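Enquirer: Quick one: this structure, given as structure tokens, is what I'll be asking you about.
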Amino acid sequence: MPSTPKFLSLALLGLLLLSSTCQAASHGGDEDGHDHDHAEGTYEWVGTFELPKGDHTLTFKKVDGKYADPSILMSFMRLEAGAKFDDDLHKEQKEPFAHALEKTTEAVKDACVAAKKEMGTEDCPMHLEDGDKIDLSELEVHSHEGHDHGRRDSHAGEKESMFVLLEMMDSKAETKFTLSIADTGTYAMITQHMMTEFGENYLTAAGGANVKPTDVSFPPVEVKTTSSSSSTRPLGLGMVLVSLLAIMGYLV
């Protein structure tokens, strides 16, 4: 049987290791401070850009020999001049983006085409391949008026969002799309994945210069806690301490 001082040293060391493990498990996130455990079934990243009239190029690159995903769902919005993608917009766009994600299958695309439905909506995302054009000329400037957390009461003929599914060309190291801007303005790019997962310089202007977002935001993450998760850890530590005291009493 170990001596009391030796046993106490081992017991204290065990408690310290347990404490450090619990602290490490309670922290997460990447080097940018953004936790990738985002809301399931919605977008992951929003970039706001000041884009001049003309054709720009979206480039998706293979990283470590492969694309981050064979395809990526994106939606585009035109915002009021200088606006940012605020919390109200996040609440408003979460539901339609999640809905569009469910409509990205080939079966849905074929049904939309057969029914001659408008493509580029949340019900019928437009499927595009390498070299295709994303034409944003029909986008109206978004206004908070008439919107209530996902309700989109746009007037007839208005189009405040465009949904596209961009499919990667696996036989090529890069897949490119033309982003056509008819009017200079502020545009939001809402993406299923972090754009940097497909390379750092993903948007270039007509002259080849890199275009950086003026603002970047992420969907709010709802932290869910349960009574079991909040009580299990203290209970476990309490049991360890009680057991330790009991053994100490026996040894003494």
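Please note that chains go A, B, ... in the order of the structure tokens, that every chain numbers its residues from 1, and that ligands are numbered from 1 in the order shown.
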I'd like a table as JSON lines: residues in segment 38-65 of chain A with an atom no more than 8 Å from segment 165-174 of chain A, each row giving the shortest atom pair and its distance in Å to one decimal, only C-alpha atoms counted, sorted by chain and rising residue number.
Expert:
```
{"residue": "A:Thr59", "atom": "CA", "partner": "A:Glu174", "partner_atom": "CA", "distance": 6.6}
{"residue": "A:Phe60", "atom": "CA", "partner": "A:Glu174", "partner_atom": "CA", "distance": 5.6}
{"residue": "A:Lys61", "atom": "CA", "partner": "A:Glu174", "partner_atom": "CA", "distance": 4.5}
{"residue": "A:Lys62", "atom": "CA", "partner": "A:Ala173", "partner_atom": "CA", "distance": 5.5}
{"residue": "A:Gly65", "atom": "CA", "partner": "A:Ala173", "partner_atom": "CA", "distance": 7.9}
```
Enquirer: Take the residues from that selection and put them in a file with N, CA and C atoms, as a compact mmCIF listing (two decimals), in the first residue's frame.
Expert:
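Result file follows (selection01.txt):
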```txt
# COMPACT_ATOMS: atom_id res chain seq x y z
N THR A 59 -12.64 32.59 -58.41
CA THR A 59 -11.75 31.46 -58.64
C THR A 59 -11.73 30.54 -57.43
N PHE A 60 -11.97 29.27 -57.69
CA PHE A 60 -11.92 28.24 -56.65
C PHE A 60 -10.76 27.31 -56.97
N LYS A 61 -9.86 27.15 -56.00
CA LYS A 61 -8.65 26.37 -56.24
C LYS A 61 -8.63 25.09 -55.41
N LYS A 62 -7.94 24.11 -55.95
CA LYS A 62 -7.68 22.91 -55.16
C LYS A 62 -6.64 23.23 -54.10
N GLY A 65 -4.29 19.33 -53.30
CA GLY A 65 -4.65 18.38 -54.34
C GLY A 65 -6.13 18.11 -54.53
```
Enquirer: Go ahead and compute the interatomic distance for atom CA of Asp132 of chain A and atom CA of Thr175 of chain A, in Å to one decimal.
Expert: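 Interatomic distance here is 10.0 Å.
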Enquirer: I'd like the contact shell of segment 209-219 of chain A - 8 Å cut-off, only C-alpha atoms, skipping same-chain residues fewer than 2 positions apart - returned as number ranges by chain.
Expert: A: 38-39, 43-50, 84-85, 90, 94, 201-207, 221
Enquirer: Pull N, CA and C atoms from the residues just selected and write them as a CSV table (one decimal), in the first residue's frame.
Expert:
```csv
chain,number,residue,atom,x,y,z
A,38,HIS,N,-20.7,25.8,-36.8
A,38,HIS,CA,-21.8,26.8,-37.1
A,38,HIS,C,-23.2,26.1,-37.1
A,39,ALA,N,-24.2,26.9,-37.2
A,39,ALA,CA,-25.5,26.4,-37.3
A,39,ALA,C,-25.7,25.4,-38.4
A,43,TYR,N,-25.6,28.8,-44.0
A,43,TYR,CA,-24.4,29.3,-44.5
A,43,TYR,C,-23.3,29.5,-43.4
A,44,GLU,N,-22.0,29.6,-43.9
A,44,GLU,CA,-20.9,29.7,-42.9
A,44,GLU,C,-20.2,31.0,-42.9
A,45,TRP,N,-20.4,31.8,-44.0
A,45,TRP,CA,-19.6,33.0,-44.2
A,45,TRP,C,-20.3,34.0,-45.0
A,46,VAL,N,-20.1,35.3,-44.7
A,46,VAL,CA,-20.7,36.4,-45.5
A,46,VAL,C,-19.6,37.4,-45.7
A,47,GLY,N,-19.4,37.8,-47.0
A,47,GLY,CA,-18.4,38.9,-47.3
A,47,GLY,C,-19.2,40.0,-48.0
A,48,THR,N,-18.9,41.2,-47.6
A,48,THR,CA,-19.5,42.4,-48.2
A,48,THR,C,-18.5,43.1,-49.0
A,49,PHE,N,-18.8,43.4,-50.3
A,49,PHE,CA,-17.9,44.0,-51.2
A,49,PHE,C,-18.4,45.2,-51.9
A,50,GLU,N,-17.5,46.2,-52.1
A,50,GLU,CA,-17.8,47.3,-53.0
A,50,GLU,C,-17.3,47.0,-54.4
A,84,LYS,N,-23.6,47.1,-44.1
A,84,LYS,CA,-23.0,45.9,-43.6
A,84,LYS,C,-24.0,44.8,-43.4
A,85,PHE,N,-23.6,43.6,-43.4
A,85,PHE,CA,-24.5,42.5,-43.2
A,85,PHE,C,-24.7,42.4,-41.7
A,90,HIS,N,-28.8,38.6,-40.9
A,90,HIS,CA,-28.4,37.2,-40.6
A,90,HIS,C,-29.7,36.4,-40.2
A,94,LYS,N,-31.1,33.3,-42.8
A,94,LYS,CA,-30.8,31.9,-42.4
A,94,LYS,C,-31.8,30.9,-42.9
A,201,ASN,N,-7.0,34.1,-52.7
A,201,ASN,CA,-7.4,35.2,-53.6
A,201,ASN,C,-8.5,34.6,-54.5
A,202,TYR,N,-9.7,34.7,-54.1
A,202,TYR,CA,-10.8,34.1,-54.7
A,202,TYR,C,-11.6,35.0,-55.7
A,203,LEU,N,-11.4,36.4,-55.5
A,203,LEU,CA,-12.2,37.3,-56.3
A,203,LEU,C,-11.2,38.3,-56.9
A,204,THR,N,-11.2,38.5,-58.2
A,204,THR,CA,-10.3,39.4,-58.9
A,204,THR,C,-11.2,40.3,-59.8
A,205,ALA,N,-10.7,41.5,-60.0
A,205,ALA,CA,-11.3,42.5,-60.9
A,205,ALA,C,-10.9,42.3,-62.3
A,206,ALA,N,-11.5,43.0,-63.2
A,206,ALA,CA,-11.2,42.8,-64.7
A,206,ALA,C,-9.7,43.0,-65.0
A,207,GLY,N,-9.0,43.8,-64.3
A,207,GLY,CA,-7.6,44.0,-64.5
A,207,GLY,C,-6.7,43.0,-63.8
A,221,VAL,N,-24.1,31.8,-33.7
A,221,VAL,CA,-24.2,30.4,-33.2
A,221,VAL,C,-25.0,30.3,-31.9
```
